[in-house]
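A.B. asks: Below is the file query.txt, which contains compact mmCIF, C-alpha atoms.
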```txt
# COMPACT_ATOMS: atom_id res chain seq x y z
CA MET J 134 4.15 -77.15 0.77
CA ASN J 135 1.18 -78.80 2.44
CA LYS J 136 -1.00 -75.80 3.28
CA ARG J 137 -3.35 -77.85 5.47
CA LEU J 138 -0.47 -79.04 7.65
CA TYR J 139 1.05 -75.54 7.69
CA GLY J 140 -2.32 -74.08 8.72
CA LEU J 141 -2.78 -76.70 11.44
CA MET J 142 0.69 -76.02 12.83
CA ARG J 143 -0.08 -72.30 12.86
CA VAL J 144 -3.35 -72.91 14.76
CA LEU J 145 -1.53 -75.07 17.33
CA LEU J 146 1.48 -72.79 17.70
CA ARG J 147 -0.43 -69.57 18.23
CA PRO J 148 -1.89 -70.48 21.67
CA PHE J 149 1.39 -72.18 22.66
CA TYR J 150 3.34 -68.98 22.07
CA ALA J 151 0.58 -66.82 23.58
CA VAL J 152 0.97 -68.72 26.87
CA PHE J 153 4.66 -69.54 27.07
CA PHE J 154 6.37 -66.93 24.88
CA PRO J 155 3.94 -64.02 24.44
CA VAL J 156 4.66 -61.64 21.60
CA GLN J 157 5.06 -57.89 21.44
CA LEU J 158 4.09 -57.50 17.78
CA ASP J 159 4.27 -54.49 15.51
CA GLY J 160 4.62 -53.65 11.83
CA LEU J 161 2.50 -56.52 10.55
CA GLU J 162 1.01 -54.12 7.99
CA ASN J 163 4.41 -54.17 6.22
CA ILE J 164 3.91 -57.77 5.11
CA PRO J 165 2.68 -57.63 1.48
CA ARG J 166 -0.85 -58.93 1.03
CA GLU J 167 0.05 -60.51 -2.31
CA GLY J 168 3.00 -61.18 -4.57
CA GLY J 169 6.45 -62.57 -3.91
CA PHE J 170 8.55 -61.07 -1.12
CA ILE J 171 11.57 -61.93 0.99
CA LEU J 172 11.35 -61.79 4.77
CA CYS J 173 14.80 -61.24 6.30
CA ALA J 174 15.16 -61.81 10.03
CA ASN J 175 17.88 -62.21 12.61
CA HIS J 176 18.27 -65.77 13.89
CA CYS J 177 18.66 -66.46 17.59
CA SER J 178 16.68 -69.65 18.26
CA ASN J 179 15.18 -72.81 16.77
CA HIS J 180 11.86 -71.16 17.61
CA ASP J 181 12.35 -68.44 14.98
CA PRO J 182 10.68 -70.01 11.90
CA PHE J 183 7.77 -71.31 13.96
CA PHE J 184 7.39 -67.98 15.78
CA LEU J 185 7.22 -66.15 12.44
CA ALA J 186 4.74 -68.64 10.97
CA ALA J 187 2.49 -68.41 14.03
CA HIS J 188 2.19 -64.63 13.85
CA ILE J 189 1.97 -63.98 10.09
CA GLU J 190 -1.64 -64.96 9.55
CA ASP J 191 -2.37 -64.01 5.94
CA ARG J 192 0.67 -65.42 4.12
CA TYR J 193 2.44 -68.76 3.95
CA LEU J 194 6.23 -68.67 4.18
CA HIS J 195 8.75 -70.91 2.48
CA TYR J 196 11.98 -71.25 4.45
CA MET J 197 15.54 -71.70 3.31
CA ALA J 198 16.88 -74.20 5.86
CA LYS J 199 20.20 -75.90 6.54
CA SER J 200 20.62 -79.12 4.58
CA SER J 201 21.29 -81.24 7.70
CA LEU J 202 17.58 -80.96 8.58
CA PHE J 203 16.84 -82.99 5.44
CA ARG J 204 19.29 -85.80 6.20
CA TRP J 205 16.59 -88.29 7.21
CA LYS J 206 13.47 -88.99 5.17
CA ILE J 207 11.00 -88.37 8.00
CA THR J 208 12.40 -84.93 8.84
CA ALA J 209 12.86 -84.08 5.16
CA ASN J 210 9.19 -84.87 4.49
CA PHE J 211 8.05 -82.89 7.53
CA PHE J 212 10.04 -79.75 6.78
CA SER J 213 9.24 -79.91 3.06
CA ALA J 214 5.53 -80.11 3.92
CA LEU J 215 5.96 -76.93 5.96
CA GLY J 216 7.49 -75.13 2.99
CA ALA J 217 11.17 -75.48 3.83
CA PHE J 218 13.87 -76.41 1.32
CA PRO J 219 17.54 -77.25 1.89
CA VAL J 220 20.54 -75.03 1.33
CA ASP J 221 24.18 -76.06 1.62
CA ARG J 222 25.47 -73.19 3.74
CA GLY J 223 29.12 -73.92 3.07
CA ASN J 224 28.94 -73.62 -0.70
CA SER J 225 27.32 -71.68 -3.50
CA ASP J 226 24.14 -73.74 -3.70
CA LEU J 227 22.69 -73.07 -7.16
CA ALA J 228 19.80 -75.49 -6.64
CA ALA J 229 18.68 -73.57 -3.54
CA ILE J 230 18.97 -70.26 -5.40
CA ARG J 231 16.86 -71.61 -8.26
CA THR J 232 14.23 -72.85 -5.79
CA ALA J 233 14.17 -69.45 -4.07
CA MET J 234 13.75 -67.64 -7.39
CA LYS J 235 10.91 -69.99 -8.40
CA ILE J 236 9.10 -69.38 -5.08
CA LEU J 237 9.30 -65.62 -5.57
CA LYS J 238 8.30 -65.79 -9.24
CA GLU J 239 5.19 -67.76 -8.24
CA GLY J 240 4.23 -64.97 -5.84
CA HIS J 241 5.01 -66.62 -2.51
CA GLY J 242 6.78 -65.42 0.63
CA LEU J 243 10.36 -66.55 1.22
CA ALA J 244 11.88 -66.36 4.70
CA ILE J 245 15.65 -66.19 5.04
CA PHE J 246 17.90 -65.82 8.08
CA PRO J 247 20.85 -64.11 6.39
CA GLN J 248 23.23 -64.54 9.33
CA GLY J 249 23.45 -68.12 8.07
CA THR J 250 23.29 -69.66 11.55
CA ARG J 251 21.80 -69.05 14.97
CA VAL J 252 23.40 -66.37 17.15
CA LYS J 253 22.11 -67.39 20.56
CA ASP J 254 23.02 -64.19 22.41
CA ASN J 255 21.37 -62.21 19.57
CA HIS J 256 24.25 -59.83 18.91
CA PRO J 257 24.40 -58.17 15.47
CA ALA J 258 26.47 -60.79 13.63
CA PRO J 259 27.25 -59.94 9.98
CA MET J 260 24.76 -61.06 7.36
CA LEU J 261 25.69 -63.00 4.23
CA GLU J 262 25.20 -61.64 0.71
CA GLY J 263 23.09 -64.47 -0.73
CA VAL J 264 19.82 -62.79 0.19
CA SER J 265 20.83 -59.60 -1.65
CA MET J 266 21.69 -61.56 -4.77
CA ILE J 267 18.31 -63.33 -4.74
CA ALA J 268 16.42 -60.08 -4.03
CA MET J 269 18.12 -58.13 -6.79
CA ARG J 270 17.83 -60.87 -9.39
CA ALA J 271 14.17 -61.51 -8.56
CA ASN J 272 13.38 -57.81 -8.10
CA ALA J 273 11.48 -58.81 -4.96
CA PRO J 274 10.75 -56.55 -1.98
CA VAL J 275 12.79 -57.32 1.13
CA ILE J 276 10.88 -56.99 4.41
CA PRO J 277 13.16 -56.73 7.47
CA ALA J 278 12.09 -58.50 10.65
CA TYR J 279 13.55 -58.43 14.14
CA ILE J 280 13.04 -61.20 16.70
CA GLY J 281 13.96 -60.03 20.18
CA GLY J 282 15.40 -63.26 21.56
CA PRO J 283 16.68 -65.14 23.35
CA PHE J 284 13.27 -66.58 24.19
CA ARG J 285 12.43 -66.71 27.90
CA LEU J 286 9.42 -68.44 29.41
CA PHE J 287 6.49 -66.10 30.12
CA ARG J 288 8.48 -63.06 29.00
CA LYS J 289 7.33 -60.99 26.04
CA THR J 290 9.39 -61.36 22.88
CA GLN J 291 9.56 -58.49 20.40
CA LEU J 292 8.59 -59.30 16.83
CA SER J 293 8.78 -56.31 14.51
CA PHE J 294 8.43 -55.95 10.75
CA GLY J 295 9.74 -52.92 8.89
CA PRO J 296 8.92 -51.35 5.53
CA PRO J 297 10.65 -52.74 2.43
CA VAL J 298 14.39 -52.11 2.28
CA SER J 299 15.24 -49.47 -0.32
CA PHE J 300 17.92 -50.30 -2.88
CA GLU J 301 17.54 -46.90 -4.50
CA GLY J 302 20.78 -45.56 -5.95
CA LEU J 303 22.41 -48.99 -6.26
CA PRO J 304 23.39 -50.18 -9.75
CA ARG J 305 21.27 -52.96 -11.25
CA ARG J 306 24.34 -55.08 -11.99
CA VAL J 307 24.84 -57.82 -9.44
CA ASP J 308 28.52 -57.51 -8.56
CA SER J 309 30.30 -57.91 -5.23
CA ASP J 310 30.31 -54.19 -4.40
CA THR J 311 26.58 -53.81 -5.06
CA LEU J 312 25.76 -56.97 -3.11
CA ASP J 313 27.83 -55.75 -0.17
CA LYS J 314 26.03 -52.40 -0.10
CA ALA J 315 22.61 -54.04 -0.44
CA THR J 316 23.42 -56.48 2.37
CA ARG J 317 24.52 -53.66 4.67
CA ARG J 318 21.19 -51.93 4.01
CA ILE J 319 19.28 -55.09 4.93
CA GLU J 320 21.43 -55.51 8.02
CA ALA J 321 20.77 -51.91 9.12
CA ALA J 322 17.03 -52.30 8.51
CA VAL J 323 16.80 -55.49 10.62
CA TRP J 324 18.83 -54.19 13.57
CA GLY J 325 17.17 -50.79 13.30
CA LEU J 326 13.92 -52.43 14.46
CA LYS J 327 15.42 -53.45 17.81
CA ARG J 328 13.95 -51.59 20.77
```
When written as structure tokens, how does the structure in this file appear?
C.D. replies:
Amino acid sequence: MNKRLYGLMRVLLRPFYAVFFPVQLDGLENIPREGGFILCANHCSNHDPFFLAAHIEDRYLHYMAKSSLFRWKITANFFSALGAFPVDRGNSDLAAIRTAMKILKEGHGLAIFPQGTRVKDNHPAPMLEGVSMIAMRANAPVIPAYIGGPFRLFRKTQLSFGPPVSFEGLPRRVDSDTLDKATRRIEAAVWGLKR
């Protein structure tokens, strides 16, 4: 990640969103001030990662992004500089999982859109289990976030952050049943922020 470029983008994006897509923001105090964490949000627009980055002032976020964004060198360099790394959504991408674990171990923020793709009408599409596996293996807090898209010019967009998702009562073993239950908890926490 190039923190200077990330910071510059954040400075430029903040007034852009303030004018064209103003935010109705709450729960920012739930973002950890230090240490690794996973931010899980619904995904309704290409704006989403930039919208999050513009409004989370104290932390830098690394993004798990679809591999097609890294197809060309110029876009690969740009997105890598902004903290993104590729994931092959159609397969079990062990390299992406290792990168995610390293980011968390180093104490950084990791943003994931666990629906796996954009849902333009913003209905509660099921979330995939990869985020639960990473969270449980890394023992990292999962912060739910809700983005109230679709984005509309000059209309306020809700951006809410909830307290860490509790995995209390779930076994520590990472099997399919545990991952399913953990994912449903994340899903409920994200959609529970919708107003």
A.B. asks: Please list as number ranges by chain every residue within 10 Å of J:Glu320, counting all atoms listed in the file and excluding residues in the same chain fewer than 2 positions away.
C.D. replies: J: 173-175, 247-248, 257-261, 277, 298, 314-318, 322-325
A.B. asks: What separation in Å, quoted to one decimal, exists between atom CA of J:Pro165 and atom CA of J:Thr208?
C.D. replies: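 Value for the atom CA of J:Pro165-atom CA of J:Thr208 distance: 29.9 Å.
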A.B. asks: With a distance cut-off of 9 Å and only C-alpha atoms, select the neighbouring residues of stretch 302-308 of chain J, excluding the residue or stretch itself and same-chain residues fewer than 5 positions from it, and output the selection as a list in words.
C.D. replies: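 With the cut-off at 9 Å, the set is Ser265, Met266, Met269, Arg270, Asp313, Lys314 and Ala315 of chain J.
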A.B. asks: Choose the residue, out of J:Ser178, J:Asn272, J:Ser293, J:Thr250, that has the smallest atom-to-atom separation from J:Val220; count all atoms listed in the file.
C.D. replies: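 For J:Val220, the nearest of the given residues is J:Thr250.
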A.B. asks: Rank J:Leu161, J:Leu215, J:Leu145, J:Ala209 by their smallest atom-to-atom distance to J:Ala187, using all atoms listed in the file, and report the top residue only.
C.D. replies: J:Leu145
A.B. asks: Using only C-alpha atoms, which residue out of J:Ile189, J:Cys177, J:Leu312, J:Leu158 lies closest to J:Leu146?
C.D. replies: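 Answer, going by the shortest atom-to-atom distance: J:Ile189.
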A.B. asks: Counting only C-alpha atoms, which of J:Glu301, J:Asp159, J:Asp181, J:Asp226 gets nearest to J:Ile245?
C.D. replies: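 Comparing J:Glu301, J:Asp159, J:Asp181, J:Asp226 against J:Ile245, the winner is J:Asp181.
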A.B. asks: How would stretch 290-324 of chain J look with N, CA and C atoms restored, written as a short mmCIF file (atom, residue, chain, number, x, y, z; two decimals), keeping the file's coordinate frame?
C.D. replies:
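For reference, result-v4.cif as written:
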```
data_model
loop_
_atom_site.label_atom_id
_atom_site.label_comp_id
_atom_site.auth_asym_id
_atom_site.auth_seq_id
_atom_site.Cartn_x
_atom_site.Cartn_y
_atom_site.Cartn_z
N THR J 290 8.34 -61.38 23.89
CA THR J 290 9.39 -61.36 22.88
C THR J 290 8.98 -60.39 21.78
N GLN J 291 9.84 -59.45 21.47
CA GLN J 291 9.56 -58.49 20.40
C GLN J 291 9.60 -59.17 19.05
N LEU J 292 8.58 -58.88 18.23
CA LEU J 292 8.59 -59.30 16.83
C LEU J 292 8.13 -58.10 16.01
N SER J 293 9.06 -57.54 15.26
CA SER J 293 8.78 -56.31 14.51
C SER J 293 9.09 -56.50 13.02
N PHE J 294 8.24 -55.93 12.19
CA PHE J 294 8.43 -55.95 10.75
C PHE J 294 8.53 -54.52 10.25
N GLY J 295 9.53 -54.26 9.41
CA GLY J 295 9.74 -52.92 8.89
C GLY J 295 9.27 -52.79 7.46
N PRO J 296 9.27 -51.56 6.95
CA PRO J 296 8.92 -51.35 5.53
C PRO J 296 9.99 -51.95 4.63
N PRO J 297 9.67 -52.14 3.35
CA PRO J 297 10.65 -52.74 2.43
C PRO J 297 11.97 -51.97 2.41
N VAL J 298 13.05 -52.71 2.34
CA VAL J 298 14.39 -52.11 2.28
C VAL J 298 14.56 -51.43 0.92
N SER J 299 15.03 -50.20 0.94
CA SER J 299 15.24 -49.47 -0.32
C SER J 299 16.63 -49.78 -0.88
N PHE J 300 16.66 -50.13 -2.17
CA PHE J 300 17.92 -50.30 -2.88
C PHE J 300 18.13 -49.16 -3.86
N GLU J 301 17.44 -48.06 -3.63
CA GLU J 301 17.54 -46.90 -4.50
C GLU J 301 18.98 -46.40 -4.57
N GLY J 302 19.42 -46.08 -5.77
CA GLY J 302 20.78 -45.56 -5.95
C GLY J 302 21.82 -46.63 -6.19
N LEU J 303 21.45 -47.91 -6.00
CA LEU J 303 22.41 -48.99 -6.26
C LEU J 303 22.31 -49.40 -7.73
N PRO J 304 23.44 -49.73 -8.35
CA PRO J 304 23.39 -50.18 -9.75
C PRO J 304 22.62 -51.49 -9.87
N ARG J 305 22.04 -51.73 -11.03
CA ARG J 305 21.27 -52.96 -11.25
C ARG J 305 22.18 -54.17 -11.47
N ARG J 306 23.44 -53.93 -11.79
CA ARG J 306 24.34 -55.08 -11.99
C ARG J 306 24.59 -55.75 -10.64
N VAL J 307 24.67 -57.06 -10.67
CA VAL J 307 24.84 -57.82 -9.44
C VAL J 307 26.32 -58.19 -9.31
N ASP J 308 27.11 -57.23 -8.80
CA ASP J 308 28.52 -57.51 -8.56
C ASP J 308 28.78 -57.46 -7.05
N SER J 309 30.00 -57.77 -6.65
CA SER J 309 30.30 -57.91 -5.23
C SER J 309 30.11 -56.61 -4.46
N ASP J 310 30.46 -55.48 -5.08
CA ASP J 310 30.31 -54.19 -4.40
C ASP J 310 28.83 -53.86 -4.17
N THR J 311 28.01 -54.08 -5.19
CA THR J 311 26.58 -53.81 -5.06
C THR J 311 25.94 -54.74 -4.03
N LEU J 312 26.31 -56.02 -4.08
CA LEU J 312 25.76 -56.97 -3.11
C LEU J 312 26.15 -56.60 -1.68
N ASP J 313 27.38 -56.16 -1.50
CA ASP J 313 27.83 -55.75 -0.17
C ASP J 313 27.01 -54.56 0.34
N LYS J 314 26.80 -53.59 -0.51
CA LYS J 314 26.03 -52.40 -0.10
C LYS J 314 24.57 -52.76 0.19
N ALA J 315 24.00 -53.62 -0.65
CA ALA J 315 22.61 -54.04 -0.44
C ALA J 315 22.48 -54.82 0.87
N THR J 316 23.45 -55.68 1.14
CA THR J 316 23.42 -56.48 2.37
C THR J 316 23.54 -55.59 3.59
N ARG J 317 24.39 -54.57 3.53
CA ARG J 317 24.52 -53.66 4.67
C ARG J 317 23.21 -52.90 4.91
N ARG J 318 22.49 -52.60 3.84
CA ARG J 318 21.19 -51.93 4.01
C ARG J 318 20.18 -52.86 4.69
N ILE J 319 20.18 -54.12 4.29
CA ILE J 319 19.28 -55.09 4.93
C ILE J 319 19.64 -55.24 6.40
N GLU J 320 20.91 -55.37 6.66
CA GLU J 320 21.43 -55.51 8.02
C GLU J 320 20.98 -54.33 8.88
N ALA J 321 21.15 -53.11 8.36
CA ALA J 321 20.77 -51.91 9.12
C ALA J 321 19.27 -51.87 9.36
N ALA J 322 18.49 -52.32 8.37
CA ALA J 322 17.03 -52.30 8.51
C ALA J 322 16.57 -53.28 9.58
N VAL J 323 17.17 -54.48 9.62
CA VAL J 323 16.80 -55.49 10.62
C VAL J 323 17.14 -54.99 12.02
N TRP J 324 18.41 -54.58 12.23
CA TRP J 324 18.83 -54.19 13.57
C TRP J 324 18.24 -52.84 13.98
#
```
